[in-house]
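In what follows, a structure is listed as structure tokens, so that the remarks can point back to it.
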Amino acid sequence: EQINKGNYEHYMQKEIHEQPASLTTTMRGRLIRGGSCKAKTVLLGGLKDHLKTIRRSRRIVFVGCGTSYNAALAARPIVEELSGIPVTMEIASDLLDRQGLIYREDTAVFVSQSGETADTFQALEYAKENGALCVGITNTVGSAIARKTDCGVHINAGCEIGVASTKAYTSQIVVMAMLALAVGDDTISSQQRREAIIDGLLDLPNKVREVLKLDKDMKDLAKLLMNEQSLLVFGRGYNYATALECALKVKEVALMHSEGILAGEMKHGPLALVDENLPILVIATHDACFSKQQSVIQQLHARKGHLIVMCSRGEAAAVGLGGSCRVIEVPQVEDCLQPVINIIPLQLLAYHLTILRGFNVDQPRNLAKSVTTQ
Ligand code: G6P
């Protein structure tokens with residue numbers, strides 16, 4: 001396995017640019033393109049003996065920390081939609097602090113790049129004691145979480161060295177989208193949607209290649225933002241997770257305060273912060289929430305917010321406020337896969353901000369790649 005930096009200066013940079021390849025590996029052998037009359041399907045070998053139990057479960061509980069939690073949050077809507085099973089989210093430490101309720105009828109899914117995070121592992125032991133079926137989604141074959149879970153899926157993203165997780169995040173989302181397809185019923189009514197998602201997955205590496213071309217634009221944006229105190233990131237629906245993950249990246253590597261905000265909560269507090277100085281990034285790519293996001297942009301603009309808008313390619317006019325705000329245009333993909341595309345320019349932004357601000361991008365102060373103590 002290639003663990004040198006190749007032509008890149010930093011591991012984080014290399015791992016961001018590696019995503020067309022890492023996503024290809026994540027999907028290899030798992031998506032079956034049907035012939036003209038055969039439906040396209042998903043094969044997840046590690047789950048096949050447990051699919052019936054998962055389908056019968058009363059609830060799916062996603063458990064993780066940091067970026068892994070955000071990946072699960074990004075996948076939550078599609079898992080709920082295709083499985084018809086309610087999905088709840090648990091930050092591992094909080095589940096343990098509360099001794100939250102886990103039932104025998106639950107499927108608990110533990111998401112962890114390293115497979116060694118202490119809180120996630122302890123939450124796994126706790127869920128096992130309570131009789132839930134435990135599924136692992138990790139990047140590390142033979143890790144503690146991979147061994148302790150009843151079944152699971154390896155994301156096969158390749159070794160990740162940068163402390164801030166990048167390529168593992170996108171591979172985790174893709175694995176959970178495949179999990180949604182595998183658990184969901186192959187009914188006639190869902191056929192079209194399922195096929196669109198499978199086609200979207202197969203084309204994702206190409207779209208990631210396209211979005212990586214924004215590298216220079218993101219460096220320019222980083223130059224504009226490098227001396228700011230703070231960055232707010234507004235998202236909703238599929239891209240609430242993108243807002244949280246962007247803010248996490250900016251915090252952990254660029255050491256700049258940043259907050260991911262659910263746009264639907266704007267009027268319940270965050271709006272008070274808006275003025276002409278504080279930069280606000282709004283994710284407004286095209287999906288069912290688009291018109292609501294347009295209205296959020298209008299309201300932020302009316303309060304003289306310093307806006308940067310991420311939108312689908314060709315829609316800058318619909319969101320760009322007549323050229324008065326900076327726009328990041330990204331390729332549009334199937335809505336549930338859009339978080340994979342949207343996070344990539346934001347990973348690049350965090351990377352460039354860090355370099356410009358003079359911090360260590362691969363080993364941010366005080367942080368560890370794998371947090372094995374509580
Ligand atoms: C640490 C890392 C993060 C990671 C989190 C969860 O905080 O710095 O990048 O997201 O742990 O790690 P895991 O290995 O469980 O995904």
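Lettering and numbering for the structure tokens are positional, with chains as A, B, ... in the shown order, residues counted from 1 in each chain, and ligands counted from 1 in the shown order.
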Worksheet item: Counting only C-alpha atoms and all ligand atoms, what residues are within 8 Å of ligand 1, given as a list in words?
Response: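 The distance check yields Gly64, Cys65, Gly66, Thr67, Ser68, Tyr69, Val111, Ser112, Gln113, Ser114, Gly115, Glu116, Thr117, Thr120, Thr138, Val163, Ala164, Ser165, Glu252, Leu367, Ala368, Lys369, Ser370 and Val371 of chain A.
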Pull N, CA and C atoms from the residues just selected and write them as a PDB file, in the first residue's frame.
ATOM      1  N   GLY A  64     -21.059   6.758  16.308  1.00  0.00           N
ATOM      2  CA  GLY A  64     -19.697   7.104  15.875  1.00  0.00           C
ATOM      3  C   GLY A  64     -19.223   8.347  16.601  1.00  0.00           C
ATOM      4  N   CYS A  65     -18.010   8.788  16.263  1.00  0.00           N
ATOM      5  CA  CYS A  65     -17.443  10.028  16.806  1.00  0.00           C
ATOM      6  C   CYS A  65     -16.886  10.837  15.639  1.00  0.00           C
ATOM      7  N   GLY A  66     -16.807  12.122  15.821  1.00  0.00           N
ATOM      8  CA  GLY A  66     -16.110  13.000  14.860  1.00  0.00           C
ATOM      9  C   GLY A  66     -16.636  12.842  13.445  1.00  0.00           C
ATOM     10  N   THR A  67     -15.696  12.735  12.513  1.00  0.00           N
ATOM     11  CA  THR A  67     -16.054  12.646  11.101  1.00  0.00           C
ATOM     12  C   THR A  67     -16.901  11.416  10.806  1.00  0.00           C
ATOM     13  N   SER A  68     -16.656  10.327  11.503  1.00  0.00           N
ATOM     14  CA  SER A  68     -17.437   9.102  11.260  1.00  0.00           C
ATOM     15  C   SER A  68     -18.900   9.316  11.624  1.00  0.00           C
ATOM     16  N   TYR A  69     -19.136  10.057  12.689  1.00  0.00           N
ATOM     17  CA  TYR A  69     -20.520  10.390  13.057  1.00  0.00           C
ATOM     18  C   TYR A  69     -21.147  11.236  11.940  1.00  0.00           C
ATOM     19  N   VAL A 111     -19.659   3.121  13.234  1.00  0.00           N
ATOM     20  CA  VAL A 111     -18.895   3.668  12.117  1.00  0.00           C
ATOM     21  C   VAL A 111     -17.589   4.220  12.673  1.00  0.00           C
ATOM     22  N   SER A 112     -16.461   3.702  12.169  1.00  0.00           N
ATOM     23  CA  SER A 112     -15.171   4.150  12.685  1.00  0.00           C
ATOM     24  C   SER A 112     -14.091   3.882  11.650  1.00  0.00           C
ATOM     25  N   GLN A 113     -13.391   4.915  11.256  1.00  0.00           N
ATOM     26  CA  GLN A 113     -12.297   4.743  10.300  1.00  0.00           C
ATOM     27  C   GLN A 113     -11.268   3.761  10.860  1.00  0.00           C
ATOM     28  N   SER A 114     -10.773   4.067  12.061  1.00  0.00           N
ATOM     29  CA  SER A 114      -9.694   3.255  12.634  1.00  0.00           C
ATOM     30  C   SER A 114     -10.210   1.909  13.149  1.00  0.00           C
ATOM     31  N   GLY A 115     -11.452   1.894  13.571  1.00  0.00           N
ATOM     32  CA  GLY A 115     -11.982   0.685  14.214  1.00  0.00           C
ATOM     33  C   GLY A 115     -11.473   0.530  15.633  1.00  0.00           C
ATOM     34  N   GLU A 116     -10.834   1.566  16.155  1.00  0.00           N
ATOM     35  CA  GLU A 116     -10.201   1.464  17.484  1.00  0.00           C
ATOM     36  C   GLU A 116     -10.651   2.545  18.453  1.00  0.00           C
ATOM     37  N   THR A 117     -11.497   3.447  18.038  1.00  0.00           N
ATOM     38  CA  THR A 117     -11.885   4.563  18.912  1.00  0.00           C
ATOM     39  C   THR A 117     -12.540   4.033  20.194  1.00  0.00           C
ATOM     40  N   THR A 120     -16.363   4.534  20.790  1.00  0.00           N
ATOM     41  CA  THR A 120     -17.190   3.750  19.867  1.00  0.00           C
ATOM     42  C   THR A 120     -17.116   2.273  20.254  1.00  0.00           C
ATOM     43  N   THR A 138     -15.858  -0.095   9.107  1.00  0.00           N
ATOM     44  CA  THR A 138     -14.525   0.414   9.444  1.00  0.00           C
ATOM     45  C   THR A 138     -13.617   0.355   8.225  1.00  0.00           C
ATOM     46  N   VAL A 163      -4.394  13.251  10.147  1.00  0.00           N
ATOM     47  CA  VAL A 163      -5.254  13.102  11.329  1.00  0.00           C
ATOM     48  C   VAL A 163      -6.705  13.446  10.988  1.00  0.00           C
ATOM     49  N   ALA A 164      -6.883  14.472  10.172  1.00  0.00           N
ATOM     50  CA  ALA A 164      -8.248  14.838   9.773  1.00  0.00           C
ATOM     51  C   ALA A 164      -8.712  13.870   8.681  1.00  0.00           C
ATOM     52  N   SER A 165      -9.819  13.230   8.919  1.00  0.00           N
ATOM     53  CA  SER A 165     -10.305  12.213   7.983  1.00  0.00           C
ATOM     54  C   SER A 165     -10.938  12.866   6.746  1.00  0.00           C
ATOM     55  N   GLU A 252     -10.470  21.712  13.115  1.00  0.00           N
ATOM     56  CA  GLU A 252      -9.409  20.785  13.539  1.00  0.00           C
ATOM     57  C   GLU A 252      -8.086  21.013  12.838  1.00  0.00           C
ATOM     58  N   LEU A 367      -4.411  16.866  18.794  1.00  0.00           N
ATOM     59  CA  LEU A 367      -5.312  15.828  18.271  1.00  0.00           C
ATOM     60  C   LEU A 367      -4.550  14.551  17.924  1.00  0.00           C
ATOM     61  N   ALA A 368      -5.270  13.428  17.933  1.00  0.00           N
ATOM     62  CA  ALA A 368      -4.671  12.149  17.559  1.00  0.00           C
ATOM     63  C   ALA A 368      -5.545  11.519  16.470  1.00  0.00           C
ATOM     64  N   LYS A 369      -4.930  10.728  15.632  1.00  0.00           N
ATOM     65  CA  LYS A 369      -5.666  10.052  14.573  1.00  0.00           C
ATOM     66  C   LYS A 369      -6.688   9.092  15.162  1.00  0.00           C
ATOM     67  N   SER A 370      -6.239   8.397  16.167  1.00  0.00           N
ATOM     68  CA  SER A 370      -7.116   7.397  16.752  1.00  0.00           C
ATOM     69  C   SER A 370      -7.168   7.644  18.259  1.00  0.00           C
ATOM     70  N   VAL A 371      -8.358   7.913  18.779  1.00  0.00           N
ATOM     71  CA  VAL A 371      -8.475   8.256  20.200  1.00  0.00           C
ATOM     72  C   VAL A 371      -8.821   6.988  20.965  1.00  0.00           C
TER      73      VAL A 371
END
Worksheet item: Could you pull out the alpha helix (DSSP H) residues of range 101-287 of chain A from DSSP and send them as a PyMOL selection string?
Response: chain A and resi 118-129+144-148+167-183+188-212+215-225+240-254
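Reported to one decimal place, the separation of CA of Gly131 in chain A from CA of Ala146 in chain A is 17.5 Å.
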Practice prompt. May I have the residues within 12 Å of Ala182 in chain A as a PyMOL selection string, using only C-alpha atoms and disregarding those fewer than 3 positions away in the same chain?
Written response: chain A and resi 30-32+40-52+54-55+78-79+82-83+153+175-179+185-186+194+198
Worksheet entry | Nearest-residue call for Ile161 in chain A, choices A:Leu281, A:Ala127, A:Ala71, A:Ile3, using only C-alpha atoms |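 For Ile161 in chain A, the nearest of the given residues is A:Ile3.
CA of Val63 in chain A lies 5.7 Å from CA of Ile91 in chain A.
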Worksheet item: If you count only C-alpha atoms, which residues fall within 12 Å of His17 in chain A, apart from same-chain ones fewer than 3 positions away, as a PyMOL selection string?
Response: chain A and resi 5-14+20-23+166-167+170+205+208-215+344-345+347-348+351
Item to complete: Mind listing the strand (DSSP E or B) residues of range 108-350 of chain A, per DSSP on the backbone, as an NGL selection string?
Response: :A and (108-112 or 133-138 or 151-154 or 230-235 or 257-262 or 279-284 or 306-312 or 326-330)
Fill in: Pick from A:Thr24, A:Cys159, A:Asn239, A:Arg193 nearest to Ala288 in chain A, counting only C-alpha atoms
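Ranking A:Thr24, A:Cys159, A:Asn239, A:Arg193 by distance to Ala288 in chain A, first place goes to A:Asn239.
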Worksheet item: With only C-alpha atoms as the basis for distance, which of A:Met310, A:Arg365, A:Leu224, A:Leu262 is at the shortest distance from His352 in chain A?
Response: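 Among the listed residues, A:Leu224 lies closest to His352 in chain A.
If only C-alpha atoms are the atoms counted, then among A:Val274, A:Leu349, A:Val340, A:Ile173 the closest residue to Leu221 in chain A is A:Leu349.
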Discussion item. One number please: CA of Phe359 in chain A to CA of Glu15 in chain A, in Å, one decimal.
Written reply: 17.8 Å
Fewer than 4 positions away in the same chain doesn't count, so skip those; otherwise give me all residues within 6 Å of Cys311 in chain A, counting only C-alpha atoms, as a short mmCIF file (atom, residue, chain, number, x, y, z; two decimals) with C-alpha atoms, in the first residue's frame.
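Output contents, as saved in result_22.cif:
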data_model
loop_
_atom_site.label_atom_id
_atom_site.label_comp_id
_atom_site.auth_asym_id
_atom_site.auth_seq_id
_atom_site.Cartn_x
_atom_site.Cartn_y
_atom_site.Cartn_z
CA ALA A 284 -27.63 25.25 -1.52
CA THR A 285 -27.16 22.51 -4.10
CA GLU A 329 -20.49 25.67 -8.38
#
Worksheet item: Which is closer to Asp217 in chain A than all the others in A:Leu346, A:Gly314, A:Glu259, A:Cys246, using only C-alpha atoms?
Response: A:Leu346
Worksheet entry | Gln294 in chain A environment, 9 Å, only C-alpha atoms, sequence neighbours closer than 3 positions dropped, as a list of chain:residue names | A:Ala284, A:Cys289, A:Phe290, A:Ser291, A:Ile297, A:Gln298, A:Gln299, A:Ala318, A:Val319
